[in-house]
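Asks: File follows, data-v5.cif with mmCIF, C-alpha atoms:
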data_protein
#
loop_
_atom_site.label_atom_id
_atom_site.label_comp_id
_atom_site.auth_asym_id
_atom_site.auth_seq_id
_atom_site.Cartn_x
_atom_site.Cartn_y
_atom_site.Cartn_z
CA MET A 16 185.76 79.85 64.02
CA LYS A 17 185.58 83.45 65.26
CA LEU A 18 188.11 85.25 67.45
CA LYS A 19 187.32 87.76 70.19
CA ILE A 20 190.09 89.75 71.84
CA CYS A 21 188.86 91.21 75.10
CA GLY A 22 190.05 93.74 77.66
CA MET A 23 191.17 96.43 75.23
CA LYS A 24 192.15 99.71 76.87
CA TYR A 25 194.76 101.84 75.07
CA GLN A 26 194.08 103.69 71.84
CA ASP A 27 197.29 102.88 69.94
CA ASN A 28 197.14 99.25 71.05
CA ILE A 29 193.51 98.98 69.93
CA GLU A 30 194.47 100.24 66.48
CA HIS A 31 197.34 97.74 66.24
CA VAL A 32 195.20 94.80 67.41
CA ALA A 33 192.52 95.79 64.90
CA THR A 34 195.01 95.21 62.06
CA LEU A 35 194.86 91.50 62.96
CA GLN A 36 191.17 91.60 62.01
CA PRO A 37 189.64 89.77 64.96
CA ASP A 38 185.89 89.29 64.69
CA TYR A 39 185.19 90.96 68.04
CA LEU A 40 187.03 93.46 70.24
CA GLY A 41 185.94 93.62 73.86
CA PHE A 42 185.87 96.78 76.00
CA ILE A 43 185.23 96.30 79.70
CA PHE A 44 182.93 98.83 81.34
CA HIS A 45 183.27 97.75 84.96
CA GLU A 46 184.95 100.10 87.43
CA LYS A 47 186.38 97.30 89.57
CA SER A 48 188.25 95.79 86.62
CA ILE A 49 191.92 96.66 86.08
CA ARG A 50 191.03 96.66 82.38
CA ASN A 51 188.17 99.13 82.79
CA PHE A 52 187.83 101.13 79.59
CA GLY A 53 186.10 103.90 81.50
CA LYS A 54 185.62 107.07 79.50
CA ASN A 55 188.54 106.54 77.15
CA ASP A 56 188.32 107.58 73.53
CA MET A 57 187.75 104.73 71.11
CA PRO A 58 189.64 104.95 67.82
CA GLN A 59 188.11 104.22 64.44
CA ILE A 60 188.27 100.51 63.77
CA PRO A 61 187.08 98.55 60.72
CA HIS A 62 183.33 97.96 60.52
CA SER A 63 184.02 94.24 60.11
CA ILE A 64 185.10 94.11 63.77
CA LYS A 65 182.24 93.98 66.25
CA LYS A 66 182.81 96.34 69.17
CA THR A 67 181.66 94.54 72.29
CA GLY A 68 180.90 96.19 75.61
CA VAL A 69 181.47 93.97 78.65
CA PHE A 70 179.23 94.76 81.62
CA VAL A 71 178.78 93.35 85.13
CA ASP A 72 175.37 93.98 86.72
CA ALA A 73 175.29 97.49 85.26
CA GLU A 74 172.16 99.63 85.34
CA LEU A 75 170.29 99.13 82.10
CA HIS A 76 170.38 102.82 81.23
CA ASP A 77 174.19 102.83 81.65
CA VAL A 78 174.53 99.96 79.17
CA ILE A 79 172.23 101.71 76.70
CA ASP A 80 174.24 104.93 77.05
CA LYS A 81 177.46 103.04 76.23
CA ILE A 82 175.82 101.29 73.28
CA ASN A 83 174.76 104.60 71.81
CA PHE A 84 177.91 106.57 72.62
CA TYR A 85 180.43 103.98 71.37
CA HIS A 86 178.20 102.47 68.66
CA LEU A 87 178.62 99.01 70.12
CA HIS A 88 177.61 95.96 68.13
CA ALA A 89 177.39 93.53 71.05
CA ALA A 90 176.87 93.52 74.81
CA GLN A 91 178.55 90.81 76.90
CA LEU A 92 176.85 90.41 80.27
CA HIS A 93 179.10 88.98 82.96
CA GLY A 94 176.98 89.37 86.06
CA HIS A 95 173.61 88.13 87.32
CA GLU A 96 171.57 89.84 84.61
CA SER A 97 168.08 88.37 84.30
CA PRO A 98 166.43 87.08 81.12
CA GLU A 99 164.12 90.11 81.25
CA TYR A 100 167.17 92.40 81.34
CA CYS A 101 168.55 90.65 78.23
CA LYS A 102 165.17 90.91 76.52
CA GLN A 103 165.09 94.67 77.03
CA LEU A 104 168.60 95.06 75.63
CA LYS A 105 167.66 93.02 72.55
CA THR A 106 165.31 95.81 71.48
CA TYR A 107 168.39 97.96 70.74
CA ASN A 108 169.35 95.75 67.78
CA ILE A 109 172.52 94.50 69.44
CA GLU A 110 174.01 91.04 69.87
CA ILE A 111 173.60 89.72 73.39
CA ILE A 112 176.34 87.48 74.78
CA LYS A 113 175.43 86.09 78.21
CA ALA A 114 178.41 84.84 80.17
CA PHE A 115 178.33 82.00 82.69
CA SER A 116 181.09 80.96 85.07
CA ILE A 117 181.75 77.25 84.79
CA ASP A 118 182.99 74.63 87.21
CA LYS A 119 182.21 70.94 87.64
CA HIS A 120 179.04 71.78 89.59
CA PHE A 121 177.51 74.03 86.92
CA ASN A 122 173.84 73.32 86.20
CA PHE A 123 173.16 73.65 82.48
CA ASP A 124 169.45 74.00 83.22
CA ASP A 125 170.30 77.58 84.24
CA LEU A 126 170.70 78.39 80.54
CA LYS A 127 167.11 77.61 79.54
CA PRO A 128 165.47 80.96 80.46
CA TYR A 129 168.14 82.80 78.43
CA GLU A 130 167.71 80.79 75.22
CA PRO A 131 165.10 83.11 73.63
CA VAL A 132 166.76 86.40 74.65
CA CYS A 133 170.47 85.86 73.90
CA ASP A 134 172.37 85.38 70.67
CA TYR A 135 175.29 83.58 72.28
CA PHE A 136 176.44 82.12 75.56
CA LEU A 137 179.98 82.57 76.83
CA PHE A 138 181.56 80.03 79.15
CA ASP A 139 184.33 81.30 81.41
CA THR A 140 186.24 79.89 84.35
CA LYS A 141 184.55 80.28 87.71
CA GLY A 142 186.86 82.28 89.97
CA LYS A 143 187.10 85.25 92.30
CA LEU A 144 186.54 87.73 89.47
CA PRO A 145 183.64 87.96 86.96
CA GLY A 146 186.23 87.29 84.24
CA GLY A 147 189.96 87.53 83.53
CA ASN A 148 190.96 84.96 86.15
CA GLY A 149 193.67 83.64 83.84
CA TYR A 150 193.07 79.91 83.94
CA THR A 151 190.97 77.42 82.02
CA PHE A 152 188.10 75.26 83.19
CA ASP A 153 187.70 71.58 82.34
CA TRP A 154 186.27 71.76 78.81
CA THR A 155 185.06 68.16 78.98
CA ILE A 156 182.11 69.41 81.07
CA LEU A 157 180.74 70.82 77.80
CA ASN A 158 179.88 67.29 76.68
CA LYS A 159 176.81 67.88 78.88
CA TYR A 160 175.84 71.00 76.91
CA PRO A 161 172.13 70.54 76.14
CA SER A 162 171.62 73.49 73.80
CA THR A 163 172.15 74.35 70.15
CA LYS A 164 172.91 77.97 71.04
CA PRO A 165 176.39 78.90 69.73
CA PHE A 166 178.87 79.78 72.46
CA PHE A 167 182.16 81.58 73.07
CA LEU A 168 184.88 79.60 74.86
CA SER A 169 186.77 81.75 77.33
CA GLY A 170 189.00 81.55 80.40
CA GLY A 171 192.78 81.49 80.49
CA ILE A 172 193.35 80.61 76.84
CA GLY A 173 196.88 81.39 75.63
CA LEU A 174 199.63 80.04 73.41
CA ASN A 175 200.26 77.13 75.79
CA GLU A 176 196.66 75.99 75.20
CA VAL A 177 196.87 75.85 71.39
CA GLU A 178 197.24 72.08 71.06
CA SER A 179 194.62 71.25 73.68
CA LEU A 180 192.31 73.80 72.08
CA LEU A 181 192.76 72.27 68.62
CA SER A 182 192.06 68.87 70.14
CA PHE A 183 188.90 70.17 71.84
CA LEU A 184 187.68 71.66 68.56
CA GLU A 185 187.72 68.22 66.99
CA LYS A 186 185.47 66.74 69.69
CA PRO A 187 181.65 66.56 69.76
CA GLU A 188 181.41 68.92 72.74
CA SER A 189 182.79 71.72 70.56
CA LYS A 190 180.00 71.38 67.99
CA TYR A 191 178.40 74.69 68.94
CA CYS A 192 181.62 76.53 69.77
CA TYR A 193 181.28 79.72 67.75
CA ALA A 194 184.25 81.77 68.94
CA ILE A 195 187.39 81.74 71.06
CA ASP A 196 187.74 84.58 73.57
CA VAL A 197 191.24 85.60 74.69
CA ASN A 198 192.46 88.23 77.11
CA SER A 199 194.97 88.08 79.97
CA LYS A 200 197.36 85.46 78.50
CA PHE A 201 198.25 87.91 75.71
CA GLU A 202 199.08 90.94 77.81
CA ILE A 203 202.23 92.92 78.39
CA GLU A 204 200.34 94.58 81.23
CA ALA A 205 196.64 94.77 82.07
CA GLY A 206 194.78 96.02 79.00
CA LEU A 207 197.90 96.18 76.79
CA LYS A 208 198.01 93.32 74.30
CA ASP A 209 201.08 91.67 72.77
CA ILE A 210 200.55 91.89 69.00
CA GLU A 211 203.04 89.19 68.06
CA LYS A 212 201.57 86.65 70.47
CA LEU A 213 198.07 87.38 69.19
CA LYS A 214 199.26 87.02 65.61
CA GLU A 215 200.83 83.65 66.42
CA PHE A 216 197.66 82.46 68.17
CA LYS A 217 195.41 83.51 65.32
CA HIS A 218 197.64 81.73 62.80
CA ASN A 219 197.93 78.53 64.86
CA VAL A 220 194.25 78.22 65.78
CA ILE A 221 191.98 80.19 63.46
CA THR A 222 193.98 80.07 60.22
CA ARG A 223 195.09 76.45 60.68
CA ARG A 224 191.52 75.31 61.17
CA GLU A 225 190.32 77.22 58.14
CA THR A 226 192.99 75.74 55.89
CA THR A 227 192.46 72.15 57.07
CA LYS A 228 188.69 72.12 56.54
#
Could the structure of this file be written out as structure tokens, please?

Replies:
Amino acid sequence: MKLKICGMKYQDNIEHVATLQPDYLGFIFHEKSIRNFGKNDMPQIPHSIKKTGVFVDAELHDVIDKINFYHLHAAQLHGHESPEYCKQLKTYNIEIIKAFSIDKHFNFDDLKPYEPVCDYFLFDTKGKLPGGNGYTFDWTILNKYPSTKPFFLSGGIGLNEVESLLSFLEKPESKYCYAIDVNSKFEIEAGLKDIEKLKEFKHNVITRRETTK
């Protein structure tokens, strides 16, 4: 099970979070977000950590500029990006993570056109914001998941969700769950992560699962 820590913003904090060796670190490039990374300097982080740019309906050339400037390994698309848009980004040898906002009315048929052009899906809680709404969706809806595409589970996951998360990961609907994505539940303030809480979460979810398999 992989771990992605999203919404990174401050240089010192990024360096500290990187010592926990998450698999992905997410940097939001969306001006309307309170966690917008903007034009901040990005510190050196281990090559084992995949730097992920998070975009919302950005112009393709803007995404490509960020990929090249920050040497991103993955692009997470949180808007209404088309399959053709994803296909064009794939030519830049980067992982494509297409995010979808989930509620009980979600139509999983919407995923089909993205199957050939994305490496992963990400399922987040449907809310007022494209992401970072701070609460979970009903994970049982994923028992309808028709694909074999690996996915990231996101949306309001924190320390209070550890037991329910471990329970979910033992169920059939988690079969293709590739990574857990965390953000707002581990913040001291927007974009500033609590290292000790992240350490506890990683131990209780990621490490525990690895040692019990």

Asks: Can you tell me, as number ranges by chain, what residues are no more than 6 Å from A:Ser169 when counting all atoms listed in the file, ignoring any on the same chain fewer than 2 positions away?

Replies: A: 138-139, 196

Asks: Would you mind listing what lies within 8 Å of stretch 117-119 of chain A as a list of chain:residue names, with only C-alpha atoms counted and same-chain residues fewer than 5 positions away left out?

Replies: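 The neighbour list is A:Phe138, A:Asp139, A:Thr140, A:Lys141, A:Phe152, A:Asp153, A:Ile156.
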
Asks: Only C-alpha atoms, please: the residues just picked out, written as an mmCIF file, keeping the file's coordinate frame.

Replies:
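Result file follows (again-v2.cif):
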data_model
loop_
_atom_site.group_PDB
_atom_site.id
_atom_site.type_symbol
_atom_site.label_atom_id
_atom_site.label_comp_id
_atom_site.auth_asym_id
_atom_site.auth_seq_id
_atom_site.Cartn_x
_atom_site.Cartn_y
_atom_site.Cartn_z
ATOM 1 C CA PHE A 138 181.560 80.030 79.150
ATOM 2 C CA ASP A 139 184.330 81.300 81.410
ATOM 3 C CA THR A 140 186.240 79.890 84.350
ATOM 4 C CA LYS A 141 184.550 80.280 87.710
ATOM 5 C CA PHE A 152 188.100 75.260 83.190
ATOM 6 C CA ASP A 153 187.700 71.580 82.340
ATOM 7 C CA ILE A 156 182.110 69.410 81.070
#

Asks: Between atom CA of A:Leu184 and atom CA of A:Glu96, what is the distance, to one decimal in Å?

Replies: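 We find that atom CA of A:Leu184 and atom CA of A:Glu96 lie 29.1 Å from each other.
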
Asks: Record the distance separating atom CA of A:Arg50 and atom CA of A:Asn108, expressed in Å with one decimal.

Replies: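 Calculated distance between atom CA of A:Arg50 and atom CA of A:Asn108 is 26.2 Å.
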
Asks: Which one of A:Glu46, A:Glu225, A:Asp124, A:Asp134 sits closest to A:Ile109 if you count only C-alpha atoms?

Replies: A:Asp134

Asks: Name the residues captured by the PyMOL selection byres ((chain A and resi 51-61) around 12) when it is applied to the shown file; answer as a PyMOL selection string.

Replies: chain A and resi 21-50+62-71+77+80-81+84-87+147+205-207

Asks: Show which residues sit within 12 Å of A:Thr163, as a PDB file with C-alpha atoms, keeping the file's coordinate frame. Count all atoms listed in the file, and ignore same-chain residues fewer than 3 positions away.

Replies:
ATOM      1  CA  LEU A 126     170.700  78.390  80.540  1.00  0.00           C
ATOM      2  CA  LYS A 127     167.110  77.610  79.540  1.00  0.00           C
ATOM      3  CA  GLU A 130     167.710  80.790  75.220  1.00  0.00           C
ATOM      4  CA  PRO A 131     165.100  83.110  73.630  1.00  0.00           C
ATOM      5  CA  ASP A 134     172.370  85.380  70.670  1.00  0.00           C
ATOM      6  CA  TYR A 135     175.290  83.580  72.280  1.00  0.00           C
ATOM      7  CA  PHE A 136     176.440  82.120  75.560  1.00  0.00           C
ATOM      8  CA  LYS A 159     176.810  67.880  78.880  1.00  0.00           C
ATOM      9  CA  TYR A 160     175.840  71.000  76.910  1.00  0.00           C
ATOM     10  CA  PHE A 166     178.870  79.780  72.460  1.00  0.00           C
ATOM     11  CA  GLU A 188     181.410  68.920  72.740  1.00  0.00           C
ATOM     12  CA  SER A 189     182.790  71.720  70.560  1.00  0.00           C
ATOM     13  CA  LYS A 190     180.000  71.380  67.990  1.00  0.00           C
ATOM     14  CA  TYR A 191     178.400  74.690  68.940  1.00  0.00           C
ATOM     15  CA  CYS A 192     181.620  76.530  69.770  1.00  0.00           C
ATOM     16  CA  TYR A 193     181.280  79.720  67.750  1.00  0.00           C
TER      17      TYR A 193
END

Asks: What is the atom CA of A:Val78 to atom CA of A:Leu92 distance in Å?

Replies: 9.9 Å

Asks: With distances taken over all atoms listed in the file, which of A:Tyr100, A:Val177, A:Gly171, A:Ser116 is nearest to A:His218?

Replies: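 Of all the options, A:Val177 lies closest to A:His218.
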
Asks: Need to verify the contact set: stretch 197-204 of chain A, 6 Å, only C-alpha atoms, exclusion of same-chain residues closer than 2 positions in sequence. Can you return it as a list in words?

Replies: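 The neighbour list is Ile20, Cys21, Ile172, Gly173, Leu207, Lys208 and Asp209 of chain A.
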
Asks: Pick the closest to A:Lys113 from A:Lys186, A:Arg223, A:Lys212, A:His93: which is it, counting all atoms listed in the file?

Replies: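 With all atoms listed in the file as the atom set, the closest residue is A:His93.
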
Asks: Kindly indicate which residue among A:Ala90, A:Leu104, A:Ile82, A:Leu180 lies nearest to A:Thr155, using only C-alpha atoms for the distances.

Replies: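 Among the listed residues, A:Leu180 lies closest to A:Thr155.
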
Asks: Find, counting only C-alpha atoms, the residue in A:Gly170, A:Pro98, A:Pro128, A:Pro165 that gets nearest to A:Lys17.

Replies: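 Of A:Gly170, A:Pro98, A:Pro128, A:Pro165, the one nearest A:Lys17, counting only C-alpha atoms, is A:Pro165.
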
Asks: Return the single residue from A:Met16, A:Leu157, A:Val220, A:Leu137 that is closest to A:Asn122, with distances computed using all atoms listed in the file.

Replies: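 Counting all atoms listed in the file, the residue closest to A:Asn122 is A:Leu157.
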